[in-house]
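Raw contents of input_39.cif, mmCIF, C-alpha atoms and all ligand atoms:
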```
data_my_file
loop_
_atom_site.label_atom_id
_atom_site.label_comp_id
_atom_site.auth_asym_id
_atom_site.auth_seq_id
_atom_site.Cartn_x
_atom_site.Cartn_y
_atom_site.Cartn_z
CA MET A 1 46.67 -11.16 12.33
CA SER A 2 49.84 -13.10 13.14
CA ASP A 3 52.51 -11.61 15.45
CA SER A 4 54.88 -11.12 12.53
CA GLU A 5 52.36 -9.11 10.47
CA ASN A 6 52.70 -5.38 10.95
CA PRO A 7 49.68 -3.31 9.86
CA LEU A 8 51.99 -0.33 9.37
CA ASP A 9 53.50 -2.09 6.35
CA ALA A 10 50.03 -2.29 4.80
CA LEU A 11 49.21 1.35 5.62
CA TYR A 12 52.36 2.49 3.83
CA THR A 13 51.73 0.31 0.76
CA GLU A 14 49.26 1.65 -1.78
CA GLY A 15 46.40 -0.77 -2.44
CA ALA A 16 47.21 -3.09 0.49
CA VAL A 17 44.34 -1.98 2.76
CA THR A 18 40.79 -2.75 1.67
CA ASP A 19 38.93 -2.52 5.00
CA THR A 20 40.41 0.10 7.32
CA ALA A 21 37.99 -0.43 10.23
CA THR A 22 38.77 -4.16 10.30
CA LEU A 23 42.52 -3.48 10.09
CA TYR A 24 42.25 -1.33 13.24
CA ASP A 25 39.87 -3.77 14.98
CA ASP A 26 42.48 -6.51 14.50
CA TRP A 27 45.37 -4.21 15.48
CA ALA A 28 43.74 -2.52 18.50
CA GLU A 29 45.30 -4.63 21.29
CA ARG A 30 48.84 -4.16 19.88
CA TYR A 31 48.42 -0.64 18.46
CA GLU A 32 49.76 1.43 21.36
CA ALA A 33 52.74 -0.85 22.07
CA ASP A 34 53.61 -0.95 18.35
CA LEU A 35 53.48 2.83 17.95
CA LYS A 36 55.26 3.65 21.20
CA SER A 37 58.06 1.22 20.34
CA ILE A 38 58.85 3.29 17.23
CA GLY A 39 58.66 6.66 18.95
CA TYR A 40 55.15 7.81 17.93
CA ALA A 41 55.42 11.61 17.94
CA ALA A 42 52.41 12.94 16.04
CA ALA A 43 49.90 13.08 18.91
CA ASP A 44 52.18 15.15 21.16
CA ARG A 45 53.17 17.39 18.25
CA CYS A 46 49.53 18.05 17.30
CA ALA A 47 48.50 18.78 20.91
CA ALA A 48 51.41 21.22 21.34
CA ALA A 49 50.61 22.95 18.04
CA LEU A 50 46.95 23.38 19.00
CA ALA A 51 47.87 24.70 22.47
CA ALA A 52 50.25 27.19 20.84
CA ALA A 53 47.42 28.35 18.55
CA ASP A 54 45.08 28.84 21.54
CA PRO A 55 47.06 29.46 24.72
CA GLY A 56 43.67 29.86 26.46
CA LEU A 57 43.17 26.10 25.86
CA THR A 58 39.52 26.70 24.97
CA SER A 59 37.36 23.56 24.91
CA PRO A 60 35.58 21.46 23.90
CA VAL A 61 37.87 19.77 21.38
CA VAL A 62 36.65 17.04 19.05
CA ASP A 63 39.21 14.25 18.45
CA LEU A 64 38.25 12.79 15.06
CA GLY A 65 39.72 9.32 14.54
CA CYS A 66 40.63 9.09 18.22
CA GLY A 67 41.66 5.43 18.03
CA THR A 68 42.64 4.03 21.41
CA GLY A 69 43.00 7.55 22.82
CA LEU A 70 46.67 8.46 22.36
CA SER A 71 45.64 11.74 20.72
CA GLY A 72 43.07 12.46 23.46
CA GLU A 73 45.65 11.81 26.16
CA ALA A 74 48.08 14.18 24.43
CA LEU A 75 45.41 16.90 24.17
CA ARG A 76 44.57 16.41 27.82
CA ALA A 77 48.24 16.59 28.82
CA ALA A 78 48.56 19.82 26.81
CA GLY A 79 45.78 21.31 28.97
CA PHE A 80 42.53 20.92 27.01
CA ALA A 81 39.87 20.00 29.54
CA GLU A 82 36.91 18.68 27.53
CA ILE A 83 37.53 16.26 24.66
CA ASP A 84 35.09 14.02 22.75
CA GLY A 85 36.42 11.11 20.68
CA TYR A 86 34.99 9.70 17.42
CA ASP A 87 36.16 6.65 15.46
CA PHE A 88 34.73 3.81 13.36
CA SER A 89 36.79 0.94 14.79
CA GLU A 90 34.94 -0.67 17.68
CA GLY A 91 38.17 -2.42 18.71
CA MET A 92 40.02 0.90 19.04
CA LEU A 93 37.04 2.58 20.74
CA ALA A 94 36.80 -0.19 23.35
CA LEU A 95 40.30 0.78 24.53
CA ALA A 96 39.59 4.52 24.31
CA ARG A 97 36.65 3.94 26.65
CA THR A 98 39.08 2.74 29.33
CA LYS A 99 40.90 6.11 29.25
CA LYS A 100 40.07 9.04 31.49
CA CYS A 101 40.73 11.70 28.86
CA TYR A 102 37.36 11.73 27.06
CA ARG A 103 34.05 13.32 27.99
CA GLN A 104 32.21 11.24 25.37
CA ILE A 105 33.23 8.54 22.88
CA ILE A 106 31.11 7.97 19.81
CA SER A 107 31.25 5.52 16.91
CA THR A 108 31.02 7.13 13.46
CA ASP A 109 32.43 6.94 9.93
CA LEU A 110 34.11 10.25 9.16
CA SER A 111 33.91 9.70 5.40
CA GLN A 112 30.11 10.00 5.59
CA PRO A 113 28.28 13.35 5.50
CA ASN A 114 27.17 14.77 8.89
CA ALA A 115 29.18 12.07 10.67
CA VAL A 116 29.62 14.24 13.76
CA PRO A 117 26.85 16.18 15.53
CA ASP A 118 27.18 19.88 16.32
CA LYS A 119 28.09 19.98 20.01
CA GLY A 120 29.60 23.46 20.18
CA TYR A 121 33.19 22.31 19.64
CA ARG A 122 35.87 25.03 19.67
CA HIS A 123 38.66 23.03 18.01
CA ALA A 124 39.13 19.77 16.10
CA ALA A 125 42.03 17.30 15.88
CA MET A 126 42.64 14.64 13.22
CA VAL A 127 45.82 12.85 14.23
CA GLY A 128 46.85 10.13 11.78
CA VAL A 129 43.50 10.27 10.01
CA LEU A 130 44.05 12.04 6.68
CA HIS A 131 45.24 9.12 4.56
CA HIS A 132 43.96 7.61 1.31
CA THR A 133 42.49 4.60 3.14
CA HIS A 134 41.08 6.64 6.05
CA ALA A 135 39.50 10.04 5.45
CA PRO A 136 39.58 12.17 2.28
CA PRO A 137 40.67 15.85 2.09
CA GLU A 138 37.01 16.88 2.41
CA ALA A 139 37.16 15.67 6.03
CA ILE A 140 39.02 18.94 6.76
CA SER A 141 35.93 20.92 5.70
CA SER A 142 33.67 18.59 7.69
CA ALA A 143 35.80 19.29 10.78
CA LEU A 144 35.74 23.04 10.12
CA SER A 145 31.94 22.95 9.77
CA LEU A 146 31.74 21.92 13.45
CA LEU A 147 33.68 25.00 14.62
CA PRO A 148 32.92 28.70 15.08
CA ALA A 149 34.97 31.37 13.30
CA GLY A 150 38.30 31.49 15.16
CA GLY A 151 38.25 27.77 15.95
CA CYS A 152 41.19 25.66 14.79
CA VAL A 153 41.67 22.25 13.23
CA VAL A 154 45.00 20.50 13.76
CA PHE A 155 46.00 17.47 11.70
CA THR A 156 48.86 15.41 10.36
CA LEU A 157 49.82 14.75 6.77
CA ASN A 158 52.31 11.91 6.99
CA ASP A 159 54.83 10.95 4.30
CA GLU A 160 52.39 8.50 2.71
CA THR A 161 49.60 11.12 2.58
CA LEU A 162 52.00 13.77 1.25
CA ARG A 163 52.54 11.56 -1.83
CA PHE A 164 48.94 12.43 -2.78
CA PRO A 165 48.75 16.10 -3.86
CA GLU A 166 44.96 16.11 -3.29
CA TYR A 167 45.47 16.91 0.40
CA THR A 168 47.84 19.87 0.05
CA ASP A 169 45.89 21.15 -2.99
CA TYR A 170 42.70 21.05 -0.95
CA ILE A 171 44.30 23.09 1.86
CA ALA A 172 45.66 25.61 -0.66
CA ASP A 173 42.13 26.02 -2.06
CA LEU A 174 40.70 26.63 1.43
CA VAL A 175 43.30 29.36 2.00
CA LYS A 176 42.69 30.87 -1.44
CA ALA A 177 38.92 30.94 -0.82
CA GLY A 178 39.46 32.85 2.45
CA THR A 179 37.93 30.02 4.48
CA VAL A 180 41.00 29.47 6.70
CA ASP A 181 44.36 30.93 7.66
CA ILE A 182 47.36 28.69 8.18
CA VAL A 183 48.41 29.22 11.81
CA SER A 184 51.35 26.82 11.71
CA GLU A 185 52.79 24.15 9.46
CA GLU A 186 55.82 22.13 10.50
CA TYR A 187 57.41 19.00 9.09
CA GLY A 188 58.90 16.75 11.77
CA PRO A 189 58.98 13.23 13.23
CA HIS A 190 55.96 10.94 13.04
CA LEU A 191 57.33 7.40 13.49
CA PRO A 192 61.04 8.16 13.92
CA ALA A 193 62.28 4.58 14.26
CA ARG A 194 60.74 3.83 10.84
CA ASN A 195 62.07 7.08 9.43
CA VAL A 196 58.54 8.37 8.73
CA GLY A 197 57.81 12.08 9.09
CA ALA A 198 54.65 14.17 9.02
CA LYS A 199 53.54 17.73 8.59
CA VAL A 200 51.52 19.04 11.53
CA ILE A 201 49.23 21.80 10.29
CA VAL A 202 46.93 24.10 12.26
CA LEU A 203 44.23 25.96 10.28
CA ARG A 204 42.10 28.69 11.83
CA LYS A 205 38.56 29.11 10.49
CA ARG A 206 37.91 32.61 9.16
CA ARG A 207 34.23 32.30 8.39
C1 LIG B 1 46.59 6.06 12.88
S1 LIG B 1 45.16 5.85 13.89
C2 LIG B 1 45.30 7.32 14.91
C3 LIG B 1 44.53 7.16 16.21
C4 LIG B 1 44.77 8.31 17.20
N1 LIG B 1 44.32 9.56 16.67
C5 LIG B 1 46.22 8.37 17.62
O1 LIG B 1 46.82 9.46 17.58
O2 LIG B 1 46.76 7.33 18.04
C6 LIG B 1 43.84 6.30 12.80
C7 LIG B 1 42.46 6.14 13.42
O3 LIG B 1 41.50 6.72 12.54
C8 LIG B 1 40.37 5.86 12.48
N2 LIG B 1 39.72 6.11 11.20
C9 LIG B 1 40.26 5.98 9.96
N3 LIG B 1 39.36 6.28 9.02
C10 LIG B 1 38.21 6.59 9.68
C11 LIG B 1 36.91 6.97 9.25
N4 LIG B 1 36.61 7.09 7.94
N5 LIG B 1 35.97 7.19 10.19
C12 LIG B 1 36.26 7.07 11.52
N6 LIG B 1 37.47 6.72 11.98
C13 LIG B 1 38.44 6.48 11.08
C14 LIG B 1 40.93 4.47 12.62
O4 LIG B 1 39.94 3.54 13.05
C15 LIG B 1 42.05 4.69 13.63
O5 LIG B 1 41.60 4.49 14.95
#
```
Would you encode the structure as structure tokens?
Amino acid sequence: MSDSENPLDALYTEGAVTDTATLYDDWAERYEADLKSIGYAAADRCAAALAAADPGLTSPVVDLGCGTGLSGEALRAAGFAEIDGYDFSEGMLALARTKKCYRQIISTDLSQPNAVPDKGYRHAAMVGVLHHTHAPPEAISSALSLLPAGGCVVFTLNDETLRFPEYTDYIADLVKAGTVDIVSEEYGPHLPARNVGAKVIVLRKRR
């Protein structure tokens, strides 16, 4: 990847990304600087929303698509004590392993069935992960399957993902089926300097 190429342009252009893990492997060293320079807000917003849903800050939390660890660091700063990170980009995971916020870091592809083992997680986070080139709507159910009744999953649906009704339709079906309650849903900044927003949604598992 040349210095002038910005992977964000590809991620916000339908059909431009064919190999997501390789895109992140190539981006890993620049990822945090690139996102921070445009005001990356989603990780802090998700951590705050999850802490508001569970003021007891019950752990452990599973950080699905943890990347280099920005979401884990935000969860840790919000007060969650035990966090495990999962991702399929070895480049991103290598940097996450240098962070102090994770109990364990594991390589896995979230689009595959049973990608994450049952480790008694209380809550799940998917920050920047629900996207047509990343993880499908069904990843929400996979995350919920790891949690007990009362556990929460927090995630972003950014402007690009919101163009695809599959994600919001899937959530509506989960609510209709009585599987989850919507604890909070707020549209706000994601990458403010690029004028990109995201919904941060917290769902609580009913059964
Ligand atoms: C936008 S980054 C977000 C990283 C981190 N959560 C954050 O807040 O900075 C998306 C991450 O999801 C990972 N990812 C995307 N699709 C995945 C999949 N199917 N399985 C595992 N990880 C995936 C990517 O490798 C990348 O690290």
- request: Select, from A:Ile182, A:Leu191, A:Ala172, A:Leu70, the residue with the minimum atom-to-atom distance to Leu203 (chain A), counting only C-alpha atoms.
  value: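 Using only C-alpha atoms, the shortest distance to Leu203 (chain A) belongs to A:Ile182.
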query: Which protein, DNA or RNA residues have an atom within 7 Å of ligand LIG 1 (chain B), counting only C-alpha atoms and all ligand atoms, as number ranges by chain?
result: A: 20-21, 24, 42-43, 64-71, 86-89, 92, 108-111, 126-129, 133-135
task: List the residues sitting within 10 Å of (59.0, 7.7, 9.9) in the file's frame, using all atoms listed in the file, as a list of chain:residue names.
output: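 Selection result: A:Ile38, A:Gly39, A:Tyr40, A:Ala41, A:Asn158, A:Asp159, A:Glu160, A:Gly188, A:Pro189, A:His190, A:Leu191, A:Pro192, A:Ala193, A:Arg194, A:Asn195, A:Val196, A:Gly197, A:Ala198.
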- prompt: Got a sec: who's within 12 Å of Asn114 (chain A), counting only C-alpha atoms, leaving out chain neighbours fewer than 5 positions off, as number ranges by chain?
  reply: A: 108-109, 138-139, 141-146
message: Neighbouring residues of region 55-63 of chain A were defined as those with any atom within 6 Å, considering only C-alpha atoms; residues of the same chain fewer than 4 positions away were excluded. Please report them as a list of chain:residue names.
response: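 The contact residues come out as A:Ala51, A:Phe80, A:Glu82, A:Ile83, A:Asp84, A:Gly85, A:Tyr121, A:Arg122, A:His123, A:Ala124, A:Ala125.
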With C-alpha atoms retained, write the just-selected residues as an mmCIF file, keeping the file's coordinate frame.
```cif
data_model
loop_
_atom_site.group_PDB
_atom_site.id
_atom_site.type_symbol
_atom_site.label_atom_id
_atom_site.label_comp_id
_atom_site.auth_asym_id
_atom_site.auth_seq_id
_atom_site.Cartn_x
_atom_site.Cartn_y
_atom_site.Cartn_z
ATOM 1 C CA ALA A 51 47.870 24.700 22.470
ATOM 2 C CA PHE A 80 42.530 20.920 27.010
ATOM 3 C CA GLU A 82 36.910 18.680 27.530
ATOM 4 C CA ILE A 83 37.530 16.260 24.660
ATOM 5 C CA ASP A 84 35.090 14.020 22.750
ATOM 6 C CA GLY A 85 36.420 11.110 20.680
ATOM 7 C CA TYR A 121 33.190 22.310 19.640
ATOM 8 C CA ARG A 122 35.870 25.030 19.670
ATOM 9 C CA HIS A 123 38.660 23.030 18.010
ATOM 10 C CA ALA A 124 39.130 19.770 16.100
ATOM 11 C CA ALA A 125 42.030 17.300 15.880
#
```
task: Compare A:Leu75, A:Ile171, A:Ala49, A:Ala28 by their minimum atom-to-atom distance to Tyr187 (chain A), counting only C-alpha atoms, and give me the closest one.
output: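 With only C-alpha atoms as the atom set, the closest residue is A:Ala49.
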